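Q: For reference, the file entry.txt (compact mmCIF, C-alpha atoms) is included below:
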# COMPACT_ATOMS: atom_id res chain seq x y z
CA MET A 1 31.30 75.12 51.31
CA SER A 2 33.62 75.25 48.39
CA VAL A 3 34.41 72.59 45.87
CA ALA A 4 37.32 72.00 43.55
CA VAL A 5 39.62 70.39 41.00
CA LEU A 6 43.25 68.90 40.26
CA ALA A 7 47.14 68.45 40.28
CA GLY A 8 50.44 66.59 39.27
CA ALA A 9 53.49 64.58 40.43
CA MET A 10 56.55 62.52 39.76
CA VAL A 11 58.78 60.70 42.22
CA ALA A 12 62.44 61.30 43.00
CA VAL A 13 64.21 58.20 44.31
CA SER A 14 67.76 58.20 45.60
CA VAL A 15 69.83 55.15 46.50
CA THR A 16 72.19 55.19 49.46
CA SER A 17 75.68 53.76 49.26
CA ALA A 18 74.48 50.77 51.26
CA GLY A 19 71.93 50.02 48.55
CA ALA A 20 68.85 50.84 50.64
CA VAL A 21 66.09 52.70 48.84
CA PRO A 22 64.34 55.23 51.12
CA ALA A 23 60.66 56.06 50.74
CA PRO A 24 60.11 58.41 47.80
CA THR A 25 59.58 62.05 48.60
CA PRO A 26 56.25 63.31 47.22
CA LYS A 27 56.70 65.83 44.44
CA THR A 28 53.92 67.99 43.08
CA GLU A 29 53.60 68.64 39.36
CA ARG A 30 51.39 71.26 37.72
CA ILE A 31 49.49 69.68 34.83
CA THR A 32 47.07 72.35 33.59
CA LEU A 33 49.39 73.84 31.00
CA SER A 34 49.07 74.77 27.35
CA SER A 35 50.29 72.57 24.50
CA THR A 36 53.54 74.53 24.58
CA GLY A 37 53.98 74.04 28.31
CA LYS A 38 53.01 77.57 29.31
CA GLN A 39 50.97 78.31 32.44
CA LEU A 40 47.36 79.37 31.91
CA GLN A 41 46.66 82.97 32.85
CA ASP A 42 42.98 82.28 33.44
CA GLY A 43 43.69 79.15 35.49
CA ALA A 44 42.00 75.80 35.09
CA GLY A 45 40.36 73.02 37.00
CA VAL A 46 41.24 69.38 36.30
CA ASN A 47 38.21 67.12 36.08
CA GLY A 48 39.69 63.64 35.99
CA LEU A 49 42.55 61.22 35.34
CA SER A 50 42.81 58.01 33.36
CA ALA A 51 43.29 54.92 35.52
CA ASP A 52 47.05 54.81 34.94
CA GLY A 53 47.45 58.54 35.51
CA ARG A 54 48.74 59.19 32.00
CA TYR A 55 45.89 61.39 30.79
CA ALA A 56 44.63 64.42 32.71
CA LEU A 57 41.33 66.08 31.87
CA PHE A 58 40.75 69.78 32.45
CA THR A 59 38.53 72.64 31.33
CA SER A 60 39.51 76.20 30.57
CA GLY A 61 38.10 79.32 28.99
CA GLU A 62 41.51 80.58 27.94
CA THR A 63 42.41 80.91 24.28
CA GLY A 64 45.76 79.55 23.21
CA VAL A 65 45.66 76.30 25.17
CA VAL A 66 45.90 74.59 21.76
CA PRO A 67 46.45 76.07 18.28
CA GLY A 68 43.30 77.10 16.43
CA ASP A 69 41.23 77.81 19.53
CA THR A 70 39.23 80.80 18.30
CA ASN A 71 35.71 80.08 19.52
CA GLY A 72 35.96 82.23 22.65
CA GLN A 73 34.25 79.48 24.67
CA HIS A 74 35.04 77.38 27.72
CA ASP A 75 36.54 74.15 26.31
CA VAL A 76 37.60 70.66 27.43
CA PHE A 77 41.18 69.40 27.07
CA VAL A 78 43.14 66.19 27.61
CA ARG A 79 46.82 66.41 28.50
CA ASP A 80 49.09 63.45 27.83
CA LEU A 81 51.46 63.63 30.81
CA ARG A 82 53.89 61.24 29.16
CA GLN A 83 54.19 63.14 25.87
CA GLY A 84 53.33 66.62 27.15
CA THR A 85 50.72 67.15 24.42
CA VAL A 86 47.28 68.73 24.85
CA GLU A 87 44.18 67.87 22.81
CA ARG A 88 40.85 69.72 22.69
CA VAL A 89 38.00 67.17 22.83
CA ASN A 90 34.73 69.14 22.90
CA VAL A 91 34.61 69.22 19.13
CA ALA A 92 32.34 67.77 16.45
CA SER A 93 33.28 64.54 14.68
CA ASP A 94 34.81 66.56 11.84
CA GLY A 95 36.85 68.66 14.28
CA THR A 96 34.59 71.74 14.24
CA GLN A 97 35.02 73.71 17.45
CA ALA A 98 32.01 74.20 19.70
CA ASN A 99 29.85 77.32 19.40
CA GLY A 100 28.85 77.08 23.06
CA SER A 101 30.48 76.60 26.44
CA SER A 102 31.46 73.13 27.72
CA HIS A 103 31.95 72.07 31.35
CA TYR A 104 31.93 69.19 33.87
CA ALA A 105 33.96 66.67 31.90
CA LYS A 106 34.65 62.99 32.74
CA ILE A 107 37.27 60.64 31.28
CA SER A 108 37.14 56.85 30.96
CA ALA A 109 39.68 54.63 32.71
CA ASP A 110 41.63 53.97 29.50
CA GLY A 111 41.51 57.63 28.47
CA ARG A 112 39.64 56.86 25.25
CA TYR A 113 36.25 58.43 26.02
CA VAL A 114 35.56 61.90 27.34
CA ALA A 115 32.05 62.92 28.38
CA PHE A 116 31.20 66.59 28.80
CA MET A 117 28.25 68.92 29.25
CA SER A 118 27.83 71.59 26.61
CA SER A 119 25.43 74.28 25.45
CA ALA A 120 26.86 74.05 21.92
CA THR A 121 24.41 73.36 19.10
CA ASN A 122 26.88 72.45 16.33
CA LEU A 123 28.57 69.30 17.65
CA VAL A 124 26.06 66.84 16.16
CA LYS A 125 23.21 66.86 13.68
CA TRP A 126 19.81 67.69 15.18
CA PRO A 127 16.34 66.72 13.89
CA GLU A 128 15.50 70.39 14.35
CA GLN A 129 18.21 72.91 15.15
CA PRO A 130 17.59 74.20 18.71
CA GLN A 131 17.99 77.81 19.73
CA TYR A 132 19.42 76.69 23.06
CA ALA A 133 20.27 73.30 24.52
CA LYS A 134 22.39 71.87 27.33
CA ASP A 135 23.28 68.23 26.82
CA ILE A 136 25.84 65.51 27.47
CA TYR A 137 28.24 64.41 24.74
CA VAL A 138 30.84 61.65 24.53
CA HIS A 139 33.92 62.10 22.36
CA ASP A 140 35.91 59.05 21.25
CA ARG A 141 39.56 60.10 21.17
CA ARG A 142 40.49 57.05 19.11
CA THR A 143 38.01 57.53 16.26
CA GLY A 144 37.32 61.26 16.66
CA ARG A 145 33.57 60.63 16.77
CA THR A 146 31.37 62.78 19.02
CA GLU A 147 27.87 61.64 19.98
CA ARG A 148 25.11 63.23 22.04
CA VAL A 149 23.86 60.82 24.73
CA SER A 150 21.21 62.93 26.47
CA VAL A 151 18.60 62.55 23.76
CA ALA A 152 14.84 63.03 24.22
CA PRO A 153 12.44 60.60 22.47
CA ASP A 154 11.85 63.15 19.69
CA GLY A 155 15.60 63.45 19.12
CA GLY A 156 15.79 66.87 20.74
CA SER A 157 17.53 68.12 23.86
CA ALA A 158 17.09 66.39 27.21
CA GLU A 159 17.64 69.80 28.84
CA VAL A 160 20.19 68.57 31.36
CA PHE A 161 20.23 70.67 34.51
CA ASP A 162 23.69 70.64 36.09
CA THR A 163 25.09 67.18 36.77
CA PHE A 164 26.17 63.94 35.07
CA ASP A 165 28.65 61.09 35.42
CA MET A 166 30.15 58.22 33.39
CA SER A 167 31.27 54.70 34.28
CA ALA A 168 34.97 53.85 33.97
CA ASP A 169 34.51 51.94 30.70
CA GLY A 170 32.46 54.74 29.16
CA ARG A 171 29.41 52.53 28.69
CA TYR A 172 26.99 54.10 31.16
CA VAL A 173 26.24 57.82 31.35
CA ALA A 174 23.89 59.25 33.98
CA PHE A 175 22.43 62.75 33.92
CA ASP A 176 19.64 64.86 35.40
CA GLY A 177 17.29 65.48 32.49
CA SER A 178 13.93 67.19 32.18
CA SER A 179 11.00 64.82 32.77
CA LYS A 180 8.99 66.96 30.36
CA ARG A 181 11.49 66.38 27.59
CA MET A 182 12.35 62.77 28.44
CA GLU A 183 8.87 61.47 29.28
CA GLY A 184 6.36 64.09 28.20
CA ALA A 185 5.52 64.94 31.81
CA ALA A 186 3.33 67.95 32.58
CA ASN A 187 6.03 69.65 34.66
CA SER A 188 9.72 70.01 33.84
CA GLN A 189 11.11 68.21 36.87
CA ASN A 190 14.78 67.20 36.71
CA LEU A 191 15.20 63.46 37.33
CA ALA A 192 18.04 60.94 37.19
CA TYR A 193 18.41 58.95 33.96
CA VAL A 194 20.99 56.37 32.89
CA VAL A 195 21.92 55.70 29.25
CA ASP A 196 23.56 52.46 28.15
CA ARG A 197 25.70 53.56 25.20
CA ARG A 198 26.00 49.97 23.98
CA THR A 199 22.26 49.24 23.74
CA HIS A 200 21.05 52.89 23.67
CA ALA A 201 18.52 51.99 26.40
CA VAL A 202 17.49 54.86 28.68
CA LYS A 203 16.14 54.26 32.18
CA ARG A 204 14.81 56.66 34.81
CA ILE A 205 16.29 55.83 38.22
CA SER A 206 14.78 58.40 40.60
CA ASP A 207 11.29 56.89 40.73
CA HIS A 208 10.14 57.92 44.20
CA ILE A 209 10.91 61.64 44.19
CA PRO A 210 8.21 64.12 45.33
CA SER A 211 6.70 66.01 42.42
CA ASP A 212 8.15 69.38 43.37
CA TRP A 213 11.70 68.18 44.18
CA TYR A 214 14.63 67.88 41.77
CA VAL A 215 17.76 65.74 41.40
CA SER A 216 21.42 66.80 41.72
CA ASN A 217 24.84 65.34 42.63
CA ILE A 218 24.59 62.31 40.32
CA LYS A 219 27.45 59.80 40.62
CA VAL A 220 27.98 56.43 38.92
CA SER A 221 30.30 53.81 40.39
CA ALA A 222 33.30 53.03 38.19
CA ASP A 223 32.02 49.52 37.46
CA GLY A 224 28.59 50.88 36.47
CA SER A 225 26.76 48.87 39.13
CA HIS A 226 25.53 51.70 41.36
CA LEU A 227 24.15 55.20 41.02
CA ALA A 228 23.99 57.80 43.78
CA TYR A 229 21.93 60.96 43.56
CA VAL A 230 20.55 63.68 45.81
CA GLN A 231 16.93 64.78 45.58
CA ARG A 232 16.31 68.26 46.89
CA HIS A 233 13.39 70.44 47.83
CA PRO A 234 13.40 73.57 45.61
CA ARG A 235 12.75 75.90 48.55
CA GLY A 236 15.23 74.45 51.01
CA GLY A 237 14.48 71.93 53.72
CA ARG A 238 15.91 68.43 53.91
CA HIS A 239 17.64 66.61 51.06
CA GLU A 240 17.79 62.87 50.47
CA LEU A 241 20.87 60.96 49.28
CA TRP A 242 19.94 57.68 47.56
CA LEU A 243 22.16 54.80 46.44
CA THR A 244 20.69 52.60 43.71
CA ASP A 245 21.86 49.12 42.73
CA LEU A 246 21.41 49.31 38.95
CA ARG A 247 21.40 45.51 38.66
CA THR A 248 18.60 44.82 41.14
CA GLY A 249 16.87 48.19 41.33
CA GLU A 250 17.20 48.30 45.13
CA GLN A 251 17.48 51.82 46.55
CA LYS A 252 18.94 52.75 49.93
CA LEU A 253 18.49 56.05 51.72
CA VAL A 254 22.06 56.92 52.71
CA ASN A 255 21.52 59.92 55.00
CA ALA A 256 19.15 58.23 57.43
CA THR A 257 19.22 58.08 61.21
CA PRO A 258 20.34 54.82 62.90
CA GLU A 259 16.62 54.02 63.11
CA GLY A 260 16.26 54.42 59.36
CA LYS A 261 14.37 57.70 59.39
CA PRO A 262 15.17 60.59 56.99
CA THR A 263 17.34 63.35 58.43
CA ASN A 264 17.17 67.11 58.00
CA GLY A 265 20.62 67.23 56.41
CA SER A 266 21.76 68.71 53.10
CA PRO A 267 24.14 66.20 51.47
CA VAL A 268 26.41 67.35 48.62
CA GLY A 269 29.79 66.39 47.15
CA VAL A 270 29.00 62.69 46.67
CA SER A 271 31.82 60.24 45.87
CA LEU A 272 31.68 56.45 45.34
CA SER A 273 34.20 53.63 45.48
CA ALA A 274 34.53 51.64 42.24
CA ASP A 275 31.97 49.02 43.32
CA GLY A 276 29.61 51.49 45.01
CA GLY A 277 30.28 49.95 48.41
CA LEU A 278 31.44 53.20 50.02
CA VAL A 279 29.76 56.58 49.72
CA ALA A 280 31.45 59.78 50.90
CA TYR A 281 29.45 62.96 51.20
CA SER A 282 29.40 66.30 52.99
CA SER A 283 26.28 67.53 54.72
CA PHE A 284 25.03 70.37 56.87
CA ASP A 285 23.42 69.51 60.20
CA GLU A 286 23.15 65.76 59.64
CA SER A 287 21.99 63.35 62.36
CA THR A 288 23.20 60.10 60.84
CA VAL A 289 25.88 59.65 63.52
CA PRO A 290 25.05 60.44 67.17
CA GLY A 291 27.23 63.13 68.73
CA THR A 292 28.39 64.88 65.57
CA PRO A 293 28.47 68.70 65.59
CA THR A 294 25.22 70.47 64.78
CA TYR A 295 24.73 73.31 62.31
CA THR A 296 28.10 72.72 60.64
CA TRP A 297 29.30 71.12 57.42
CA GLU A 298 30.75 67.68 58.15
CA LEU A 299 32.14 64.76 56.13
CA TYR A 300 30.60 61.28 56.32
CA LEU A 301 31.50 57.85 54.95
CA PHE A 302 28.66 55.37 54.43
CA ASP A 303 29.32 51.63 54.03
CA SER A 304 26.46 50.17 51.99
CA ARG A 305 27.41 46.62 53.00
CA THR A 306 27.03 47.23 56.73
CA GLY A 307 24.63 50.17 56.59
CA LYS A 308 26.86 52.09 59.00
CA THR A 309 27.94 55.70 58.64
CA ARG A 310 31.24 57.06 59.95
CA TRP A 311 31.81 60.70 60.84
CA MET A 312 35.23 61.70 59.49
CA ASN A 313 37.47 64.04 61.45
CA HIS A 314 41.06 65.18 61.20
CA GLU A 315 43.13 65.15 64.39
CA GLY A 316 39.88 65.01 66.31
CA LYS A 317 38.34 67.98 64.55
CA GLY A 318 35.47 68.00 62.06
CA GLY A 319 34.51 70.54 59.45
CA LEU A 320 36.06 68.55 56.62
CA GLY A 321 34.88 68.75 53.02
CA GLY A 322 35.52 67.63 49.46
CA GLY A 323 35.49 63.92 50.33
CA LEU A 324 36.86 61.70 47.54
CA VAL A 325 37.03 57.91 47.85
CA SER A 326 39.73 56.00 45.96
CA PRO A 327 38.39 53.34 43.56
CA ASP A 328 39.50 50.49 45.83
CA GLY A 329 37.90 52.16 48.84
CA ARG A 330 41.12 52.22 50.83
CA ARG A 331 41.89 55.94 50.76
CA LEU A 332 39.84 59.05 51.40
CA ALA A 333 41.00 62.50 50.26
CA TYR A 334 39.46 65.58 51.86
CA MET A 335 39.95 69.26 52.65
CA THR A 336 40.83 70.72 56.04
CA GLU A 337 40.22 74.35 56.94
CA THR A 338 42.63 76.48 58.95
CA ALA A 339 41.92 79.98 60.16
CA SER A 340 44.79 82.31 59.25
CA GLY A 341 44.61 84.92 62.00
CA ASP A 342 42.28 87.68 60.92
CA GLY A 343 42.74 86.71 57.29
CA PRO A 344 40.76 84.32 55.10
CA THR A 345 40.46 80.61 55.82
CA VAL A 346 43.14 78.39 54.27
CA GLU A 347 42.24 74.96 52.92
CA ASN A 348 44.65 72.04 52.51
CA VAL A 349 44.17 68.58 51.02
CA GLN A 350 44.86 65.47 53.10
CA VAL A 351 44.63 61.75 52.28
CA ARG A 352 43.63 59.18 54.90
CA ASP A 353 44.52 55.52 54.56
CA LEU A 354 41.32 53.96 55.89
CA LYS A 355 43.11 50.69 56.64
CA THR A 356 46.04 52.04 58.67
CA ASP A 357 44.43 55.39 59.64
CA ARG A 358 47.61 57.14 58.47
CA THR A 359 47.12 60.66 57.08
CA GLN A 360 49.30 62.39 54.49
CA LEU A 361 49.42 66.09 53.61
CA VAL A 362 49.05 66.56 49.86
CA THR A 363 49.21 70.35 49.47
CA ARG A 364 52.80 70.61 50.61
CA THR A 365 54.58 73.83 49.63
CA LEU A 366 58.14 74.19 48.35
CA THR A 367 59.28 74.81 51.94
CA GLY A 368 57.77 71.52 53.08
CA GLY A 369 54.78 72.73 55.10
CA PRO A 370 51.06 73.07 54.36
CA GLN A 371 49.87 75.86 52.09
CA THR A 372 49.30 79.03 54.06
CA GLU A 373 47.04 80.83 51.62
CA GLY A 374 44.39 79.93 49.11
CA TYR A 375 41.90 77.18 48.41
CA SER A 376 42.45 73.56 47.40
CA ALA A 377 40.37 70.42 46.82
CA PRO A 378 40.93 66.83 45.66
CA SER A 379 39.68 65.83 42.21
CA ALA A 380 40.64 62.29 41.15
CA PHE A 381 42.64 59.23 42.15
CA ALA A 382 44.66 57.16 39.69
CA ASP A 383 47.20 54.31 39.63
CA ASN A 384 45.30 52.25 42.22
CA GLY A 385 45.05 55.20 44.59
CA ARG A 386 48.75 56.06 44.46
CA LEU A 387 48.21 59.24 42.43
CA LEU A 388 45.96 62.13 43.40
CA GLY A 389 44.92 65.01 41.19
CA PHE A 390 43.87 68.19 42.96
CA TYR A 391 43.18 71.88 42.49
CA SER A 392 44.92 74.66 44.39
CA SER A 393 45.16 78.42 44.25
CA ALA A 394 48.36 78.49 46.32
CA PRO A 395 51.33 80.08 44.50
CA ASP A 396 54.10 78.05 46.12
CA LEU A 397 53.42 74.38 45.41
CA VAL A 398 55.72 74.37 42.37
CA THR A 399 58.39 76.72 41.05
CA GLY A 400 57.44 79.23 38.39
CA ASP A 401 53.79 79.55 39.41
CA THR A 402 53.27 83.24 38.72
CA ASN A 403 49.83 83.36 37.09
CA GLY A 404 48.07 84.30 40.34
CA VAL A 405 45.16 81.90 39.73
CA GLY A 406 44.23 78.32 40.62
CA ASP A 407 45.78 75.40 38.75
CA GLY A 408 45.53 71.63 38.54
CA PHE A 409 48.23 69.46 40.10
CA LEU A 410 49.19 65.82 40.50
CA GLN A 411 51.01 64.10 43.34
CA ARG A 412 52.24 60.56 43.90
CA LEU A 413 51.33 59.48 47.41
CA ASN A 414 53.58 57.61 49.83
What does this structure look like when you write it as structure tokens?
A:
Amino acid sequence: MSVAVLAGAMVAVSVTSAGAVPAPTPKTERITLSSTGKQLQDGAGVNGLSADGRYALFTSGETGVVPGDTNGQHDVFVRDLRQGTVERVNVASDGTQANGSSHYAKISADGRYVAFMSSATNLVKWPEQPQYAKDIYVHDRRTGRTERVSVAPDGGSAEVFDTFDMSADGRYVAFDGSSKRMEGAANSQNLAYVVDRRTHAVKRISDHIPSDWYVSNIKVSADGSHLAYVQRHPRGGRHELWLTDLRTGEQKLVNATPEGKPTNGSPVGVSLSADGGLVAYSSFDESTVPGTPTYTWELYLFDSRTGKTRWMNHEGKGGLGGGLVSPDGRRLAYMTETASGDGPTVENVQVRDLKTDRTQLVTRTLTGGPQTEGYSAPSAFADNGRLLGFYSSAPDLVTGDTNGVGDGFLQRLN
């Protein structure tokens, strides 16, 4: 199952002679552009939006996104959609560009802080210069300061594996670090840790994981109250999705049968509402909801307050993916797959209003219908769920899209 990234939008409103204002027509805007407004030939994936939708975060390996980009590395950028400017943020406090690749970025609600994963070794001072490291950094766009937050007790690398997340205020950062580096364990098992950037306290959260398993798919709720993570067997088999209340320490097994027993599923693509009350995830061959299809990838929505799990379908059909919950828990964005004759499968993005059950097509082409080629996936909500950023490789969502690669877009929802 594929995953994905972002998109852009404005709203055109016309007034009739009688003074009535009809519902705005959704308009899609491409937002992964260079500082001069040019399309990116290598494409890009948008990683997040500020809460008001003004700042869009994306990553790209293309040179020329901003002036002075000569490092030949994959970098992290913030686009100001109001001003049209683009800023590179995976830099040292003195502005030095990274000597390693940077990925998987997150942006705070106010757009001030950007967290990113990087293999660079020149962004901060080290107690002993490493030959190789992969760590999490936070860049303050207001002060220009960059700090490394995945720090082992000896000041060295935490050896982050492949996942991290940040709370909306930028205070809490969670990552999957090496237990050998973080705790001096005999084996180098990847576990879930949370750093409080205000107090610099570090806490391991995954405290009941089997010794040969590892952690992935880490997500922090926007308010910093909950942490979700998946612990996986290294040689296949079942995976466990856990939701932790960071205030009380209580942990709930999300992908459990109605009787509370672990399933044989493989949960991925975890998404949380702002308070951690709702958890969306995709899984293969789950048994959390009786009667769901077997041996297929399906989308589920878990309510931590009731303990109930809902199987999500579109027009009565399953096989959905890329579930993304809006911060207020009212909307759910997801991907639908459509077979295109003998050709490849086409994926579109839809948004479901969980209160009214109304569904809206997001990946609408210039002719008004769903995209008929390519891949797409939702990335981030903003403006109280009224804006959705998404990724698409379709060439006909906006005019002038001739780069032949995937881009990030934004759309205002009805």
Q: Quote the spacing between atom CA of Asn255 of chain A and atom CA of His239 of chain A in Å to one decimal place.
A: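 Here the two named atoms are 8.7 Å from each other.
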Q: Can you tell me which residues surround Gln360 of chain A at a distance of at most 9 Å, considering all atoms listed in the file, apart from same-chain residues fewer than 2 positions away, and format the answer as a count of residues only?
A: 9
Q: What is the distance, in Å and to one decimal place, between atom CA of Leu278 of chain A and atom CA of Asp303 of chain A?
A: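 A separation of 4.8 Å between them.
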Q: For Arg141 of chain A, which of A:Asn190, A:Tyr172, A:Arg88, A:Gly249 is the closest residue, counting only C-alpha atoms?
A: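 Once distances to Arg141 of chain A are computed over only C-alpha atoms, the minimum belongs to A:Arg88.
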Q: Would you work out the distance separating atom CA of His208 of chain A from atom CA of Ala192 of chain A, expressed in Å to one decimal?
A: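 These two atoms are separated by 11.0 Å.
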Q: When distances are computed from all atoms listed in the file, which of A:Gly389, A:Thr257, A:Thr402, A:Gly369 shows the smallest separation from Phe58 of chain A?
A: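 Of A:Gly389, A:Thr257, A:Thr402, A:Gly369, the one nearest Phe58 of chain A is A:Gly389, counting all atoms listed in the file.
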